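What follows is a short report on a single structure.
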Protein chains: 2
Amino acid sequence: MDRLPADALRSFTRKALRQVGVPEEDAAQIAALMIEADLQGSDGHGIFRLPQYIRRIQAGGVNPRPNIRIERSRAAMALVNGDNGMGHLAMRFAAQTAIQKARAAGAAWVGVRWSNHAGPASLYAKMPMREGMIGMYFAVGNANHLPPWGGVEMLLSTNPIAVAIPAGTEPPIVLDMATTVAAFGKVKTRAQRGETMPEGWMVDREGRPLTDPKRMDEGFLLPIGGYKGYGMALVFGILAGTLNRAAMGREVVDFNHDDATPTNTGQAILAIDVSAFEEMDSFKERIDALARDIRGSERMKGFERIFLPGEQSHARFVERGKLGIPVPPALLASLNGLGETLGIGKLA
Amino acid sequence: MDRLPADALRSFTRKALRQVGVPEEDAAQIAALMIEADLQGSDGHGIFRLPQYIRRIQAGGVNPRPNIRIERSRAAMALVNGDNGMGHLAMRFAAQTAIQKARAAGAAWVGVRWSNHAGPASLYAKMPMREGMIGMYFAVGNANHLPPWGGVEMLLSTNPIAVAIPAGTEPPIVLDMATTVAAFGKVKTRAQRGETMPEGWMVDREGRPLTDPKRMDEGFLLPIGGYKGYGMALVFGILAGTLNRAAMGREVVDFNHDDATPTNTGQAILAIDVSAFEEMDSFKERIDALARDIRGSERMKGFERIFLPGEQSHARFVERGKLGIPVPPALLASLNGLGETLGIGKLA
């Protein structure tokens with residue numbers, strides 16, 4: 001598989017967005033966040049999404065020149081209206097607002113409505129983290145793949161949570177997870193490769209294990225911990241969606257099957273300023289010590305290493321920054337086709 | 001099984017706490033919260049804990065007359081020192097502080113250190129909820145039963161999360177869950193009854209399913225969603241423990257095997273004022289509509305009803321308020337013995 005330098009991917013993405021009417025500065029910000037996703041290994045959330053994003057802008061589903069603004073504000077909260085622009089822009093604005101408010105108030109919660117898909121959750125939880133804060137992110141996914149526990153109607157998305165915690169010499173602790181056992185992207189990947197799925201990822205409408213990913217439309221994803229994961233998908237969805245008057249439940253637009261309808265995607269970010277609690281250096285030392293206690297603890301037979309959340313994506317970020325980002329042939333062909341259609345030439 | 005009126009349990013608990021030096025007003029507050037746990041069906045977290053709490057106060061492990069105070073404060077955060085008092089008092093103080101700050105700032109995060117076991121997570125998430133806010137609670141458990149993913153050293157507790165969301169005519173949505181598949185109390189109950197456990201609750205040190213609860217000391221609990229539940233137990237523990245300079249990882253004191261050592265329990269509460277985002281009535285209507293969409297959606301074969309999180313404990317609260325709280329014979333005997341030892345007479 002070819003590896004391409006991050007710069008090439010970033011430049012291509014920026015140019016493509018420019019061609020469909022996204023202003024230069026916005027295109028650069030979106031491209032930076034999308035390729036950051038590729039660098040950290042969130043392969044289904046980076047440049048892979050570019051053709052879909054372009055399609056949605058062209059179909060009128062996403063506004064290329066949004067007026068992103070604060071609709072409501074107090075010392076430790078804001079409600080941001082993304083004006084149906086790219087989710088990356090709305091969420092970047094929201095995270096910056098949260099950071100600014102948390103610096104003064106100690107903590108801040110910022111909700112977003114009329115946003116769109118913004119890539120991996122951890123991108124935004126890491127923004128406060130880089131400012132010495134703990135970041136926490138919630139989002140309503142852009143397609144419902146999960147029924148309530150005991151039901152068969154897919155009323156919920158795999159609503160993710162991300163938490164990012166600064167460390168000292170250790171990699172930061174970054175949890176980024178869907179509330180389902182497997183993300184839907186993983187199912188699609190198995191289908192493409194002709195592989196089966198393990199039991200526990202999906203069930204059919206009668207609750208029987210579904211292991212053939214080609215039959216994905218006959219069943220749905222399973223939440224983690226059974227009714228617990230359903231509960232999390234619901235309450236995280238309310239925090240990110242309902243509270244912001246964004247889409248939730250039956251209002252969610254399946255953006256995989258509809259390019260033209262605005263999604264009114266809801267997201268939320270919490271920033272907690274560590275220095276309000278104690279000296280930053282002392283906090284980082286204790287996080288480092290905890291990480292080392294965990295990594296160095298006795299392993300179960302068959303495990304070569306104990307990982308901290310975010311440790312593997314941190315390593316991938318470093319490795320791909322040096323060696324480039326692997327781009328599968330099918331994706332490269334699709335991006336090259338897009339580039340020619342848009343008149344910006346091939347990616348590689 | 002005998003049912004006793006909540007008032008009788010409350011009065012007995014209050015008197016018992018008075019006898020070991022807890023001031024009248026504090027004893028009444030603790031008793032009210034403990035019996036609220038029994039009313040909502042959190043049987044392992046209510047009066048069941050009284051003998052242990054009394055033992056810990058008598059052994060010097062818990063301070064009966066704490067000076068609970070704010071150590072650090074900003075507009076939207078506070079760090080509370082519980083002075084090693086009963087966790088119920090420290091957390092009630094913290095929740096009140098969070099509510100007060102959130103009313104002005106829109107949201108507030110309050111951390112607690114030098115606290116103790118405080119009963120079920122939902123008790124505290126529901127405090128902001130009753131004030132028209134969304135409450136979110138995190139805690140470090142008081143015994144480590146969970147190793148990191150791939151490890152065998154129990155460095156983590158079943159660190160719970162609770163989220164409470166106000167509704168209109170529907171019961172409020174209240175999620176209260178440990179980050180393990182089963183809580184440790186459930187394992188103990190199975191052992192007492194001589195029953196086996198389903199696969200998936202526990203594994204032994206080689207990762208093999210452990211289904212005999214009498215062998216519980218040879219294994220450990222499994223996190224929900226595998227490495228995901230491990231990640232949640234870790235980051236929730238950092239939010240509730242490390243950030244507040246409370247016990248986390250190897251510092252956690254197993255309060256089931258040690259009555260005398262202060263636990264330095266860490267907890268945290270987040271309050272988000274709904275009215276900062278929109279009119280309360282409109283929010284409640286949308287939560288009600290979402291709850292009804294979910295409850296009324298098509299069921300899977302074999303399921304008689306789809307429940308919302310907190311719906312069953314709400315029904316139990318109403319039912320037990322009318323009919324009384326069931327007290328198993330062994331617990332009643334233990335409480336009666338405690339009452340006689342403390343010179344307050346039998347419970348019933």
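Just so we're on the same page: first chain in the structure tokens is A, next is B, and so on; residues restart at 1 for each chain, and ligands are numbered from 1 in the order they show up.
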
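Once range 18-27 of chain B and its same-chain neighbours fewer than 2 positions away are set aside, Arg10, Ser11, Phe12, Thr13, Arg14, Lys15, Ala16, Gln29, Ile30, Ala31, Ala32, Ile54, Arg55, Ile57, Gln58, Asn63, Pro64, Arg65, Pro66, Gly85, Met86, His88, Leu89, Gly339, Leu342, Gly343 and Ile344 of chain B remain within 10 Å of it when counting only C-alpha atoms.
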
Chain fit, chain A moved to chain B over all Cα pairs in order, as a tab-separated table (two decimals) with C-alpha atoms, in the first residue's frame:
chain	number	residue	atom	x	y	z
A	1	MET	CA	-39.75	-11.12	53.31
A	2	ASP	CA	-40.83	-8.40	55.70
A	3	ARG	CA	-41.47	-4.92	54.38
A	4	LEU	CA	-40.72	-2.03	56.70
A	5	PRO	CA	-41.83	1.57	56.21
A	6	ALA	CA	-39.13	3.96	54.99
A	7	ASP	CA	-39.71	6.11	58.08
A	8	ALA	CA	-38.74	3.25	60.41
A	9	LEU	CA	-35.52	2.59	58.49
A	10	ARG	CA	-34.69	6.28	58.38
A	11	SER	CA	-35.26	6.75	62.08
A	12	PHE	CA	-33.21	3.66	63.01
A	13	THR	CA	-30.32	4.78	60.77
A	14	ARG	CA	-30.38	8.29	62.21
A	15	LYS	CA	-30.31	7.00	65.78
A	16	ALA	CA	-27.49	4.57	65.04
A	17	LEU	CA	-25.37	7.36	63.55
A	18	ARG	CA	-26.13	9.60	66.52
A	19	GLN	CA	-24.84	6.91	68.86
A	20	VAL	CA	-21.40	6.94	67.24
A	21	GLY	CA	-21.03	10.70	67.42
A	22	VAL	CA	-22.59	12.01	64.20
A	23	PRO	CA	-24.38	15.34	64.89
A	24	GLU	CA	-28.19	15.27	64.70
A	25	GLU	CA	-28.59	17.28	61.49
A	26	ASP	CA	-25.88	15.29	59.67
A	27	ALA	CA	-27.31	11.98	60.89
A	28	ALA	CA	-30.72	12.97	59.48
A	29	GLN	CA	-29.22	13.92	56.10
A	30	ILE	CA	-27.22	10.70	55.81
A	31	ALA	CA	-30.22	8.60	56.85
A	32	ALA	CA	-32.44	10.33	54.27
A	33	LEU	CA	-29.98	9.58	51.44
A	34	MET	CA	-29.35	5.99	52.55
A	35	ILE	CA	-33.04	5.18	52.68
A	36	GLU	CA	-33.61	6.96	49.36
A	37	ALA	CA	-31.19	4.35	47.99
A	38	ASP	CA	-33.35	1.56	49.46
A	39	LEU	CA	-36.52	3.14	48.10
A	40	GLN	CA	-35.19	3.23	44.54
A	41	GLY	CA	-34.01	-0.38	44.76
A	42	SER	CA	-30.26	0.15	45.21
A	43	ASP	CA	-30.38	-2.55	47.88
A	44	GLY	CA	-26.62	-2.93	48.25
A	45	HIS	CA	-26.20	0.80	48.88
A	46	GLY	CA	-28.80	1.65	51.50
A	47	ILE	CA	-29.34	0.43	55.06
A	48	PHE	CA	-27.42	-2.72	54.06
A	49	ARG	CA	-24.26	-0.60	54.49
A	50	LEU	CA	-25.12	0.69	57.97
A	51	PRO	CA	-23.17	-1.92	59.99
A	52	GLN	CA	-20.04	-1.25	57.91
A	53	TYR	CA	-20.41	2.53	58.20
A	54	ILE	CA	-20.80	2.28	61.99
A	55	ARG	CA	-17.81	-0.04	62.19
A	56	ARG	CA	-15.66	2.38	60.21
A	57	ILE	CA	-16.65	5.34	62.38
A	58	GLN	CA	-15.92	3.31	65.52
A	59	ALA	CA	-12.56	2.15	64.16
A	60	GLY	CA	-11.52	5.71	63.34
A	61	GLY	CA	-11.68	5.14	59.56
A	62	VAL	CA	-14.38	7.81	59.11
A	63	ASN	CA	-14.63	11.16	60.86
A	64	PRO	CA	-18.09	11.58	62.47
A	65	ARG	CA	-17.75	15.40	62.80
A	66	PRO	CA	-16.09	16.60	59.59
A	67	ASN	CA	-15.40	20.18	58.66
A	68	ILE	CA	-16.45	19.93	55.00
A	69	ARG	CA	-15.14	22.94	53.11
A	70	ILE	CA	-14.31	24.44	49.73
A	71	GLU	CA	-10.55	24.44	49.17
A	72	ARG	CA	-10.49	26.00	45.72
A	73	SER	CA	-13.14	27.82	43.81
A	74	ARG	CA	-13.82	29.64	40.55
A	75	ALA	CA	-17.06	30.70	38.87
A	76	ALA	CA	-17.72	27.20	37.49
A	77	MET	CA	-15.60	24.87	39.63
A	78	ALA	CA	-14.84	23.99	43.22
A	79	LEU	CA	-12.65	21.49	44.98
A	80	VAL	CA	-14.29	20.23	48.16
A	81	ASN	CA	-12.42	18.67	51.06
A	82	GLY	CA	-14.72	16.19	52.82
A	83	ASP	CA	-12.44	16.01	55.89
A	84	ASN	CA	-12.87	12.22	55.87
A	85	GLY	CA	-16.54	12.54	56.80
A	86	MET	CA	-19.35	10.35	55.51
A	87	GLY	CA	-19.44	10.50	51.70
A	88	HIS	CA	-23.13	11.39	51.71
A	89	LEU	CA	-22.39	14.68	53.48
A	90	ALA	CA	-19.44	15.57	51.27
A	91	MET	CA	-21.30	14.77	48.07
A	92	ARG	CA	-24.47	16.58	49.16
A	93	PHE	CA	-22.36	19.64	49.86
A	94	ALA	CA	-20.61	19.25	46.48
A	95	ALA	CA	-23.89	18.89	44.59
A	96	GLN	CA	-25.34	21.97	46.28
A	97	THR	CA	-22.20	23.91	45.39
A	98	ALA	CA	-22.44	22.76	41.77
A	99	ILE	CA	-26.12	23.70	41.55
A	100	GLN	CA	-25.49	27.17	42.97
A	101	LYS	CA	-22.61	27.86	40.60
A	102	ALA	CA	-24.39	26.41	37.56
A	103	ARG	CA	-27.40	28.63	38.20
A	104	ALA	CA	-25.19	31.65	37.56
A	105	ALA	CA	-22.54	30.28	35.18
A	106	GLY	CA	-24.71	27.83	33.19
A	107	ALA	CA	-22.57	24.81	34.15
A	108	ALA	CA	-20.27	23.85	37.01
A	109	TRP	CA	-17.90	21.00	37.87
A	110	VAL	CA	-17.20	20.22	41.52
A	111	GLY	CA	-14.61	17.68	42.65
A	112	VAL	CA	-14.37	16.08	46.09
A	113	ARG	CA	-11.43	14.60	47.98
A	114	TRP	CA	-11.13	13.07	51.45
A	115	SER	CA	-14.64	11.78	51.01
A	116	ASN	CA	-15.99	8.27	51.61
A	117	HIS	CA	-18.46	5.79	50.14
A	118	ALA	CA	-21.63	7.74	49.34
A	119	GLY	CA	-24.10	5.11	48.13
A	120	PRO	CA	-25.51	4.87	44.62
A	121	ALA	CA	-24.22	7.31	41.99
A	122	SER	CA	-27.70	8.33	40.90
A	123	LEU	CA	-28.50	9.91	44.31
A	124	TYR	CA	-26.16	12.78	43.49
A	125	ALA	CA	-26.81	13.09	39.75
A	126	LYS	CA	-30.48	13.55	40.71
A	127	MET	CA	-29.78	16.57	42.93
A	128	PRO	CA	-29.12	18.97	40.01
A	129	MET	CA	-31.94	17.24	38.11
A	130	ARG	CA	-34.49	18.31	40.72
A	131	GLU	CA	-33.37	21.90	40.10
A	132	GLY	CA	-33.98	21.75	36.35
A	133	MET	CA	-30.43	20.77	35.53
A	134	ILE	CA	-28.69	17.78	34.00
A	135	GLY	CA	-26.55	16.09	36.64
A	136	MET	CA	-23.53	13.91	35.93
A	137	TYR	CA	-21.59	12.05	38.64
A	138	PHE	CA	-18.30	10.15	38.67
A	139	ALA	CA	-16.67	8.27	41.53
A	140	VAL	CA	-13.70	6.09	42.39
A	141	GLY	CA	-15.00	2.88	43.94
A	142	ASN	CA	-13.79	1.75	47.36
A	143	ALA	CA	-12.15	-1.50	46.29
A	144	ASN	CA	-10.25	-2.47	43.15
A	145	HIS	CA	-11.84	-5.38	41.33
A	146	LEU	CA	-10.71	-4.65	37.76
A	147	PRO	CA	-7.28	-5.07	36.13
A	148	PRO	CA	-6.28	-3.04	33.08
A	149	TRP	CA	-7.09	-4.80	29.79
A	150	GLY	CA	-4.50	-7.54	29.35
A	151	GLY	CA	-3.42	-7.43	32.98
A	152	VAL	CA	-4.12	-9.36	36.17
A	153	GLU	CA	-3.35	-6.78	38.88
A	154	MET	CA	-6.56	-5.17	40.08
A	155	LEU	CA	-5.59	-1.52	39.73
A	156	LEU	CA	-9.04	-0.14	39.01
A	157	SER	CA	-12.42	-0.07	40.65
A	158	THR	CA	-15.77	-0.45	38.93
A	159	ASN	CA	-15.79	3.35	38.75
A	160	PRO	CA	-19.39	4.28	38.02
A	161	ILE	CA	-21.04	7.06	36.07
A	162	ALA	CA	-24.53	8.46	36.60
A	163	VAL	CA	-26.41	10.92	34.41
A	164	ALA	CA	-29.81	12.32	35.41
A	165	ILE	CA	-32.01	14.25	32.97
A	166	PRO	CA	-35.25	15.98	33.93
A	167	ALA	CA	-38.44	15.06	32.06
A	168	GLY	CA	-41.98	16.45	32.06
A	169	THR	CA	-44.79	13.95	32.60
A	170	GLU	CA	-42.48	10.98	31.94
A	171	PRO	CA	-40.18	9.65	34.68
A	172	PRO	CA	-36.78	11.34	34.55
A	173	ILE	CA	-34.06	9.59	32.53
A	174	VAL	CA	-31.48	8.34	35.03
A	175	LEU	CA	-28.52	6.21	33.99
A	176	ASP	CA	-26.52	4.72	36.89
A	177	MET	CA	-23.95	2.12	35.90
A	178	ALA	CA	-20.68	0.54	36.85
A	179	THR	CA	-18.08	0.20	34.09
A	180	THR	CA	-17.97	-3.57	34.67
A	181	VAL	CA	-20.48	-6.08	33.28
A	182	ALA	CA	-21.63	-6.93	36.81
A	183	ALA	CA	-21.18	-5.02	40.03
A	184	PHE	CA	-19.21	-6.90	42.71
A	185	GLY	CA	-22.27	-6.90	44.96
A	186	LYS	CA	-24.10	-9.06	42.43
A	187	VAL	CA	-21.32	-11.65	42.64
A	188	LYS	CA	-21.58	-11.70	46.43
A	189	THR	CA	-25.34	-12.15	46.23
A	190	ARG	CA	-24.94	-15.16	43.91
A	191	ALA	CA	-22.39	-16.67	46.30
A	192	GLN	CA	-24.76	-16.24	49.26
A	193	ARG	CA	-27.56	-17.92	47.33
A	194	GLY	CA	-25.33	-20.75	46.05
A	195	GLU	CA	-26.06	-19.82	42.45
A	196	THR	CA	-23.63	-19.76	39.52
A	197	MET	CA	-22.81	-16.70	37.44
A	198	PRO	CA	-23.28	-16.40	33.67
A	199	GLU	CA	-20.11	-16.35	31.55
A	200	GLY	CA	-18.93	-12.82	30.93
A	201	TRP	CA	-19.13	-11.51	34.51
A	202	MET	CA	-15.74	-12.71	35.74
A	203	VAL	CA	-12.60	-14.43	34.46
A	204	ASP	CA	-9.76	-16.12	36.30
A	205	ARG	CA	-6.14	-14.99	36.11
A	206	GLU	CA	-5.65	-16.84	32.84
A	207	GLY	CA	-8.67	-15.24	31.24
A	208	ARG	CA	-10.91	-18.31	31.49
A	209	PRO	CA	-14.59	-17.77	32.36
A	210	LEU	CA	-15.21	-17.98	36.09
A	211	THR	CA	-18.80	-18.93	36.88
A	212	ASP	CA	-18.58	-20.18	40.47
A	213	PRO	CA	-19.01	-17.08	42.65
A	214	LYS	CA	-17.41	-18.89	45.62
A	215	ARG	CA	-14.16	-18.66	43.64
A	216	MET	CA	-14.48	-14.87	43.31
A	217	ASP	CA	-11.12	-14.23	44.95
A	218	GLU	CA	-9.36	-16.20	42.20
A	219	GLY	CA	-10.42	-13.84	39.44
A	220	PHE	CA	-11.77	-10.43	38.62
A	221	LEU	CA	-14.66	-8.59	37.04
A	222	LEU	CA	-14.82	-7.99	33.29
A	223	PRO	CA	-15.26	-4.45	32.00
A	224	ILE	CA	-18.13	-3.70	29.60
A	225	GLY	CA	-17.07	-3.73	25.97
A	226	GLY	CA	-13.65	-5.19	26.83
A	227	TYR	CA	-10.91	-2.56	26.53
A	228	LYS	CA	-13.57	0.15	26.28
A	229	GLY	CA	-14.86	-0.46	29.81
A	230	TYR	CA	-11.27	-0.51	31.07
A	231	GLY	CA	-10.76	2.87	29.38
A	232	MET	CA	-13.88	4.28	30.99
A	233	ALA	CA	-12.99	2.98	34.46
A	234	LEU	CA	-9.60	4.65	34.04
A	235	VAL	CA	-10.71	8.07	32.76
A	236	PHE	CA	-13.70	8.33	35.11
A	237	GLY	CA	-11.30	7.43	37.93
A	238	ILE	CA	-8.92	10.19	36.88
A	239	LEU	CA	-11.80	12.70	36.73
A	240	ALA	CA	-13.08	11.72	40.18
A	241	GLY	CA	-9.81	10.75	41.83
A	242	THR	CA	-6.52	11.99	40.37
A	243	LEU	CA	-7.82	15.45	39.45
A	244	ASN	CA	-8.91	15.97	43.08
A	245	ARG	CA	-5.74	14.47	44.58
A	246	ALA	CA	-7.90	11.62	45.87
A	247	ALA	CA	-6.98	7.92	45.83
A	248	MET	CA	-6.64	6.21	42.45
A	249	GLY	CA	-4.94	3.02	41.27
A	250	ARG	CA	-2.71	1.46	43.93
A	251	GLU	CA	-3.71	4.16	46.44
A	252	VAL	CA	-7.29	2.84	46.67
A	253	VAL	CA	-8.07	1.39	50.12
A	254	ASP	CA	-10.20	-1.78	50.07
A	255	PHE	CA	-12.83	-0.74	52.61
A	256	ASN	CA	-14.25	-4.24	52.74
A	257	HIS	CA	-11.10	-5.48	54.45
A	258	ASP	CA	-10.00	-2.41	56.37
A	259	ASP	CA	-12.16	-0.34	58.74
A	260	ALA	CA	-9.48	1.98	60.08
A	261	THR	CA	-7.62	3.52	57.13
A	262	PRO	CA	-9.12	6.71	55.67
A	263	THR	CA	-10.00	6.04	52.02
A	264	ASN	CA	-9.48	9.52	50.53
A	265	THR	CA	-12.37	8.73	48.20
A	266	GLY	CA	-12.71	11.00	45.18
A	267	GLN	CA	-15.97	11.98	43.52
A	268	ALA	CA	-17.07	14.61	41.02
A	269	ILE	CA	-20.31	16.19	39.94
A	270	LEU	CA	-21.24	18.23	36.89
A	271	ALA	CA	-24.39	20.37	36.79
A	272	ILE	CA	-25.65	21.83	33.50
A	273	ASP	CA	-28.46	24.36	33.73
A	274	VAL	CA	-31.00	23.46	31.04
A	275	SER	CA	-32.53	26.95	31.11
A	276	ALA	CA	-29.24	28.38	29.83
A	277	PHE	CA	-29.90	26.45	26.61
A	278	GLU	CA	-33.64	26.84	26.19
A	279	GLU	CA	-37.01	27.12	27.89
A	280	MET	CA	-37.33	24.35	30.47
A	281	ASP	CA	-40.87	23.41	29.36
A	282	SER	CA	-39.81	22.94	25.76
A	283	PHE	CA	-36.84	20.79	26.81
A	284	LYS	CA	-39.06	18.61	28.98
A	285	GLU	CA	-41.55	18.16	26.16
A	286	ARG	CA	-38.81	16.97	23.85
A	287	ILE	CA	-37.45	14.54	26.45
A	288	ASP	CA	-40.97	13.20	26.98
A	289	ALA	CA	-41.45	12.76	23.22
A	290	LEU	CA	-38.10	10.94	22.90
A	291	ALA	CA	-38.95	8.65	25.83
A	292	ARG	CA	-42.32	7.81	24.28
A	293	ASP	CA	-40.76	7.18	20.84
A	294	ILE	CA	-38.37	4.72	22.43
A	295	ARG	CA	-40.88	2.98	24.70
A	296	GLY	CA	-43.44	2.70	21.90
A	297	SER	CA	-41.02	1.44	19.24
A	298	GLU	CA	-41.20	-2.06	17.81
A	299	ARG	CA	-40.02	-4.74	20.23
A	300	MET	CA	-37.77	-7.70	19.65
A	301	LYS	CA	-39.39	-11.13	20.03
A	302	GLY	CA	-39.21	-12.15	23.67
A	303	PHE	CA	-39.24	-8.63	25.11
A	304	GLU	CA	-42.43	-7.48	26.75
A	305	ARG	CA	-41.43	-3.91	27.22
A	306	ILE	CA	-38.72	-1.40	26.34
A	307	PHE	CA	-37.51	0.51	29.37
A	308	LEU	CA	-35.88	3.91	29.62
A	309	PRO	CA	-32.89	4.17	31.97
A	310	GLY	CA	-34.18	4.87	35.47
A	311	GLU	CA	-37.77	3.90	34.68
A	312	GLN	CA	-37.68	0.71	36.73
A	313	SER	CA	-36.04	2.33	39.76
A	314	HIS	CA	-38.58	5.15	39.53
A	315	ALA	CA	-41.42	2.60	39.65
A	316	ARG	CA	-39.74	0.86	42.58
A	317	PHE	CA	-39.42	4.16	44.40
A	318	VAL	CA	-43.15	4.76	44.09
A	319	GLU	CA	-44.04	1.17	45.04
A	320	ARG	CA	-41.73	0.98	48.06
A	321	GLY	CA	-42.87	4.39	49.24
A	322	LYS	CA	-46.38	2.93	49.47
A	323	LEU	CA	-45.73	-0.67	50.53
A	324	GLY	CA	-42.49	-0.37	52.44
A	325	ILE	CA	-38.96	-1.59	51.84
A	326	PRO	CA	-38.30	-5.35	51.79
A	327	VAL	CA	-35.67	-6.31	54.37
A	328	PRO	CA	-34.24	-9.85	54.02
A	329	PRO	CA	-34.23	-11.85	57.32
A	330	ALA	CA	-30.42	-11.99	57.54
A	331	LEU	CA	-30.14	-8.22	57.13
A	332	LEU	CA	-32.90	-7.62	59.66
A	333	ALA	CA	-31.14	-9.84	62.19
A	334	SER	CA	-27.87	-8.02	61.63
A	335	LEU	CA	-29.52	-4.61	62.02
A	336	ASN	CA	-31.38	-5.73	65.16
A	337	GLY	CA	-28.08	-6.91	66.62
A	338	LEU	CA	-26.48	-3.58	65.77
A	339	GLY	CA	-29.37	-1.70	67.37
A	340	GLU	CA	-29.04	-3.64	70.61
A	341	THR	CA	-25.27	-3.17	70.70
A	342	LEU	CA	-25.71	0.57	70.17
A	343	GLY	CA	-28.48	0.75	72.78
A	344	ILE	CA	-31.17	2.04	70.40
A	345	GLY	CA	-33.26	-1.14	70.39
A	346	LYS	CA	-34.29	-3.38	67.53
A	347	LEU	CA	-35.37	-2.13	64.10
A	348	ALA	CA	-38.39	-4.46	64.04

Review point. Could you pull out all residues of range 35-194 of chain B with a DSSP call of strand (DSSP E) and give them as an MDAnalysis selection string?
Key: chainID B and resid 69:74 77:81 107:115 133:139 161:165 173:177

Practice item. Write down as an MDAnalysis selection string the residues of range 246-336 of chain A whose backbone DSSP state falls under alpha helix (DSSP H). Key: chainID A and resid 280:295 311:323 329:336
